[in-house]
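Comments concern the structure below.
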Amino acid sequence: MSPARQASPRTPDRFERDGRVLVTRAALCEEFGIGESTARTWWRDRDTNDHPEPVYREGRRQWWDLEAMRAFVDTVRNAAARREQPPATIEHEGRTLINRPGMAERYHLDAQWLAVLYHQRADNGHPEPVRRFERFLYFDLEETDAWNDEREAAKRRSLTPVDYTGEPDELVDITEATRVLGYRNESTIRSFLSRNRDYFPAPEQTDADGRALWHRRALWEFGDRRSRPGRAGHAKTGD
């Protein structure tokens, strides 16, 4: 009986050849963190997406140049990112339009809160959209600026009055801070400190009894820039 034929070693999914790293589809998926279905879709649509051709084959197995595939994947991902993030502003029929992400950045508001305000526009005067670009609504920038200015003014009118008397560098405790800012009781400041730590200024010192102390000027600065907590920080103070 003739000796059994020794099986040829299987070519690895990743190897070097002529100074290039060659990889199979499985190795590509691992390298770029993509699913096999995505990789097969890219290959199926190669006539329209410039997917590189394989540079080595063994039967039905195929290998691609890793660097060529890296450039291809970067191109695909960058194109997807551009589709998902259209420009914040566009020009349309002589008007500057802005989308919700642009409004969130411009007015220092949370985009989800802006979406709520849009759905409640019959009550709050939020402008109507001018057009849709991809999946984003765009609004007239002059209208949104005017709307936000009025919204901020109304909010300031609803805030408690601040007492600006006294020495700016004087240290005061929470009882006096409550009075300076016009709050009914200390629980308002305590709530800010425990639930909105980036909203209210942290105490600057403590006294011998461990009580928190603030300079009056820190409270005045807070009073000037305060907004309703829980949105996207303080009210806009200017461009």
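In the structure tokens, the first chain shown is A, the next is B, and so on; residue numbers restart at 1 for each chain, and ligands run from 1 in the order shown.
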Using only C-alpha atoms, what table do you get, as a Markdown table, when you list each residue of region 59-134 of chain A with an atom no more than 12 Å from region 152-160 of chain A, its nearest pair of atoms, and their distance in Å rounded to one decimal, rows by chain then rising number?
```
| residue | atom | partner | partner_atom | distance |
| --- | --- | --- | --- | --- |
| A:Tyr107 | CA | A:Glu152 | CA | 9.8 |
| A:His108 | CA | A:Glu152 | CA | 11.4 |
| A:Leu109 | CA | A:Glu152 | CA | 11.4 |
| A:Asn124 | CA | A:Ala154 | CA | 10.8 |
```
Per residue of region 68-179 of chain A within 9 Å of region 41-51 of chain A, record the nearest atom pair and its distance in Å to one decimal, counting only C-alpha atoms, with rows in chain order and ascending residue number, as a Markdown table.
```
| residue | atom | partner | partner_atom | distance |
| --- | --- | --- | --- | --- |
| A:Ala68 | CA | A:His51 | CA | 9.0 |
| A:Met69 | CA | A:His51 | CA | 7.7 |
| A:Phe72 | CA | A:His51 | CA | 6.6 |
| A:Val73 | CA | A:His51 | CA | 8.9 |
| A:Val76 | CA | A:Asn49 | CA | 8.3 |
```
Could you pull the residues within 8 Å of Thr24 (chain A), counting only C-alpha atoms, minus those fewer than 2 positions along the same chain, as a PyMOL selection string? chain A and resi 13-14+22+26-28+61-64
Can you tell me, as JSON, numbers by chain, which residues in chain A count as strand (DSSP E or B) by DSSP? {"A": [14, 15, 16, 17, 20, 21, 22, 23, 56, 57, 58, 61, 62, 63, 64, 65, 89, 90, 91, 92, 95, 96, 97, 98, 99, 131, 132, 133, 136, 137, 138, 139, 140, 171, 172, 205, 206, 212, 213, 214, 215]}
Could I get the residues of region 89-199 of chain A with an atom no further than 12 Å from an atom of region 219-228 of chain A, each paired with its nearest atom pair and that distance in Å to one decimal, using only C-alpha atoms, sorted by chain and residue number, as JSON lines?
```
{"residue": "A:Tyr107", "atom": "CA", "partner": "A:Ser227", "partner_atom": "CA", "distance": 11.9}
{"residue": "A:His108", "atom": "CA", "partner": "A:Ser227", "partner_atom": "CA", "distance": 10.6}
{"residue": "A:Leu109", "atom": "CA", "partner": "A:Ser227", "partner_atom": "CA", "distance": 10.5}
{"residue": "A:Arg151", "atom": "CA", "partner": "A:Ser227", "partner_atom": "CA", "distance": 11.2}
{"residue": "A:Glu152", "atom": "CA", "partner": "A:Ser227", "partner_atom": "CA", "distance": 8.6}
{"residue": "A:Ala153", "atom": "CA", "partner": "A:Ser227", "partner_atom": "CA", "distance": 10.9}
{"residue": "A:Ala154", "atom": "CA", "partner": "A:Ser227", "partner_atom": "CA", "distance": 11.2}
{"residue": "A:Lys155", "atom": "CA", "partner": "A:Ser227", "partner_atom": "CA", "distance": 7.6}
{"residue": "A:Arg156", "atom": "CA", "partner": "A:Ser227", "partner_atom": "CA", "distance": 7.9}
{"residue": "A:Arg157", "atom": "CA", "partner": "A:Ser227", "partner_atom": "CA", "distance": 11.2}
{"residue": "A:Ser158", "atom": "CA", "partner": "A:Arg228", "partner_atom": "CA", "distance": 10.2}
{"residue": "A:Leu159", "atom": "CA", "partner": "A:Ser227", "partner_atom": "CA", "distance": 8.4}
{"residue": "A:Thr160", "atom": "CA", "partner": "A:Gly223", "partner_atom": "CA", "distance": 8.8}
{"residue": "A:Pro161", "atom": "CA", "partner": "A:Gly223", "partner_atom": "CA", "distance": 8.4}
{"residue": "A:Val162", "atom": "CA", "partner": "A:Gly223", "partner_atom": "CA", "distance": 6.5}
{"residue": "A:Asp163", "atom": "CA", "partner": "A:Trp220", "partner_atom": "CA", "distance": 8.1}
{"residue": "A:Tyr164", "atom": "CA", "partner": "A:Trp220", "partner_atom": "CA", "distance": 6.7}
{"residue": "A:Thr165", "atom": "CA", "partner": "A:Trp220", "partner_atom": "CA", "distance": 9.8}
{"residue": "A:Gly166", "atom": "CA", "partner": "A:Trp220", "partner_atom": "CA", "distance": 10.8}
{"residue": "A:Glu167", "atom": "CA", "partner": "A:Trp220", "partner_atom": "CA", "distance": 11.1}
{"residue": "A:Pro168", "atom": "CA", "partner": "A:Trp220", "partner_atom": "CA", "distance": 8.5}
{"residue": "A:Asp169", "atom": "CA", "partner": "A:Leu219", "partner_atom": "CA", "distance": 10.6}
{"residue": "A:Glu170", "atom": "CA", "partner": "A:Leu219", "partner_atom": "CA", "distance": 10.9}
{"residue": "A:Leu171", "atom": "CA", "partner": "A:Leu219", "partner_atom": "CA", "distance": 10.2}
{"residue": "A:Val172", "atom": "CA", "partner": "A:Leu219", "partner_atom": "CA", "distance": 9.6}
{"residue": "A:Asp173", "atom": "CA", "partner": "A:Leu219", "partner_atom": "CA", "distance": 11.1}
{"residue": "A:Ile174", "atom": "CA", "partner": "A:Leu219", "partner_atom": "CA", "distance": 10.6}
{"residue": "A:Glu176", "atom": "CA", "partner": "A:Leu219", "partner_atom": "CA", "distance": 10.3}
{"residue": "A:Ala177", "atom": "CA", "partner": "A:Leu219", "partner_atom": "CA", "distance": 7.1}
{"residue": "A:Thr178", "atom": "CA", "partner": "A:Leu219", "partner_atom": "CA", "distance": 9.6}
{"residue": "A:Arg179", "atom": "CA", "partner": "A:Leu219", "partner_atom": "CA", "distance": 10.6}
{"residue": "A:Val180", "atom": "CA", "partner": "A:Leu219", "partner_atom": "CA", "distance": 7.6}
{"residue": "A:Leu181", "atom": "CA", "partner": "A:Gly223", "partner_atom": "CA", "distance": 6.8}
{"residue": "A:Gly182", "atom": "CA", "partner": "A:Gly223", "partner_atom": "CA", "distance": 9.8}
{"residue": "A:Tyr183", "atom": "CA", "partner": "A:Gly223", "partner_atom": "CA", "distance": 11.3}
{"residue": "A:Thr188", "atom": "CA", "partner": "A:Arg228", "partner_atom": "CA", "distance": 12.0}
{"residue": "A:Ile189", "atom": "CA", "partner": "A:Leu219", "partner_atom": "CA", "distance": 11.0}
{"residue": "A:Phe192", "atom": "CA", "partner": "A:Arg228", "partner_atom": "CA", "distance": 10.5}
{"residue": "A:Asn196", "atom": "CA", "partner": "A:Arg228", "partner_atom": "CA", "distance": 10.5}
{"residue": "A:Asp198", "atom": "CA", "partner": "A:Phe222", "partner_atom": "CA", "distance": 11.5}
{"residue": "A:Tyr199", "atom": "CA", "partner": "A:Arg226", "partner_atom": "CA", "distance": 8.0}
```
Neighbour list for Ala212 (chain A) as a PDB file with all heavy atoms, in the first residue's frame, cut-off 8 Å, only C-alpha atoms, skip fewer than 3 positions in-chain:
```
ATOM      1  N   ASP A 173     -22.474  82.635  53.166  1.00  0.00           N
ATOM      2  CA  ASP A 173     -22.893  81.240  53.276  1.00  0.00           C
ATOM      3  C   ASP A 173     -24.141  81.001  52.430  1.00  0.00           C
ATOM      4  O   ASP A 173     -24.635  81.895  51.730  1.00  0.00           O
ATOM      5  CB  ASP A 173     -23.122  80.853  54.733  1.00  0.00           C
ATOM      6  CG  ASP A 173     -24.233  81.671  55.397  1.00  0.00           C
ATOM      7  OD1 ASP A 173     -24.991  82.354  54.681  1.00  0.00           O
ATOM      8  OD2 ASP A 173     -24.338  81.623  56.632  1.00  0.00           O
ATOM      9  N   ILE A 174     -24.678  79.780  52.505  1.00  0.00           N
ATOM     10  CA  ILE A 174     -25.793  79.401  51.634  1.00  0.00           C
ATOM     11  C   ILE A 174     -27.058  80.190  51.967  1.00  0.00           C
ATOM     12  O   ILE A 174     -27.873  80.469  51.071  1.00  0.00           O
ATOM     13  CB  ILE A 174     -26.057  77.882  51.719  1.00  0.00           C
ATOM     14  CG1 ILE A 174     -27.001  77.453  50.591  1.00  0.00           C
ATOM     15  CG2 ILE A 174     -26.590  77.483  53.076  1.00  0.00           C
ATOM     16  CD1 ILE A 174     -27.109  75.941  50.440  1.00  0.00           C
ATOM     17  N   PRO A 203     -18.626  75.773  45.871  1.00  0.00           N
ATOM     18  CA  PRO A 203     -18.171  76.641  46.961  1.00  0.00           C
ATOM     19  C   PRO A 203     -16.685  76.942  46.824  1.00  0.00           C
ATOM     20  O   PRO A 203     -15.893  76.079  46.448  1.00  0.00           O
ATOM     21  CB  PRO A 203     -18.460  75.814  48.220  1.00  0.00           C
ATOM     22  CG  PRO A 203     -19.545  74.864  47.811  1.00  0.00           C
ATOM     23  CD  PRO A 203     -19.286  74.548  46.378  1.00  0.00           C
ATOM     24  N   GLU A 204     -16.312  78.178  47.132  1.00  0.00           N
ATOM     25  CA  GLU A 204     -14.915  78.592  46.985  1.00  0.00           C
ATOM     26  C   GLU A 204     -14.105  78.356  48.254  1.00  0.00           C
ATOM     27  O   GLU A 204     -12.885  78.201  48.189  1.00  0.00           O
ATOM     28  CB  GLU A 204     -14.878  80.066  46.578  1.00  0.00           C
ATOM     29  CG  GLU A 204     -15.534  80.299  45.221  1.00  0.00           C
ATOM     30  CD  GLU A 204     -15.782  81.769  44.927  1.00  0.00           C
ATOM     31  OE1 GLU A 204     -16.809  82.294  45.374  1.00  0.00           O
ATOM     32  OE2 GLU A 204     -14.941  82.368  44.238  1.00  0.00           O
ATOM     33  N   GLN A 205     -14.788  78.338  49.389  1.00  0.00           N
ATOM     34  CA  GLN A 205     -14.124  78.076  50.666  1.00  0.00           C
ATOM     35  C   GLN A 205     -15.130  77.450  51.614  1.00  0.00           C
ATOM     36  O   GLN A 205     -16.329  77.376  51.314  1.00  0.00           O
ATOM     37  CB  GLN A 205     -13.569  79.373  51.275  1.00  0.00           C
ATOM     38  CG  GLN A 205     -12.428  80.019  50.509  1.00  0.00           C
ATOM     39  CD  GLN A 205     -11.871  81.220  51.247  1.00  0.00           C
ATOM     40  OE1 GLN A 205     -11.873  81.288  52.484  1.00  0.00           O
ATOM     41  NE2 GLN A 205     -11.384  82.213  50.483  1.00  0.00           N
ATOM     42  N   THR A 206     -14.647  77.033  52.764  1.00  0.00           N
ATOM     43  CA  THR A 206     -15.515  76.617  53.856  1.00  0.00           C
ATOM     44  C   THR A 206     -15.067  77.339  55.117  1.00  0.00           C
ATOM     45  O   THR A 206     -13.888  77.676  55.275  1.00  0.00           O
ATOM     46  CB  THR A 206     -15.463  75.090  54.089  1.00  0.00           C
ATOM     47  OG1 THR A 206     -14.100  74.699  54.309  1.00  0.00           O
ATOM     48  CG2 THR A 206     -16.016  74.340  52.877  1.00  0.00           C
ATOM     49  N   ASP A 207     -16.011  77.598  56.021  1.00  0.00           N
ATOM     50  CA  ASP A 207     -15.644  78.279  57.263  1.00  0.00           C
ATOM     51  C   ASP A 207     -15.222  77.271  58.327  1.00  0.00           C
ATOM     52  O   ASP A 207     -15.104  76.064  58.046  1.00  0.00           O
ATOM     53  CB  ASP A 207     -16.784  79.173  57.746  1.00  0.00           C
ATOM     54  CG  ASP A 207     -18.045  78.381  58.112  1.00  0.00           C
ATOM     55  OD1 ASP A 207     -17.968  77.137  58.224  1.00  0.00           O
ATOM     56  OD2 ASP A 207     -19.117  79.018  58.277  1.00  0.00           O
TER      57      ASP A 207
END
```
Write down as a PyMOL selection string the residues belonging to region 117-218 of chain A that are assigned helix (DSSP H, G or I) by DSSP computed on the backbone. chain A and resi 117-119+121-124+141-158+174-180+187-195+216-218
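Closest approach to Phe32 (chain A) among A:Trp113, A:Ala202, A:Asp140, A:Ala71 is made by A:Ala71 (distances from only C-alpha atoms).
The shortest atom-to-atom distance to Glu16 (chain A), with only C-alpha atoms taken into account, belongs to A:Tyr56 out of A:Phe133, A:Trp214, A:Phe200, A:Tyr56.
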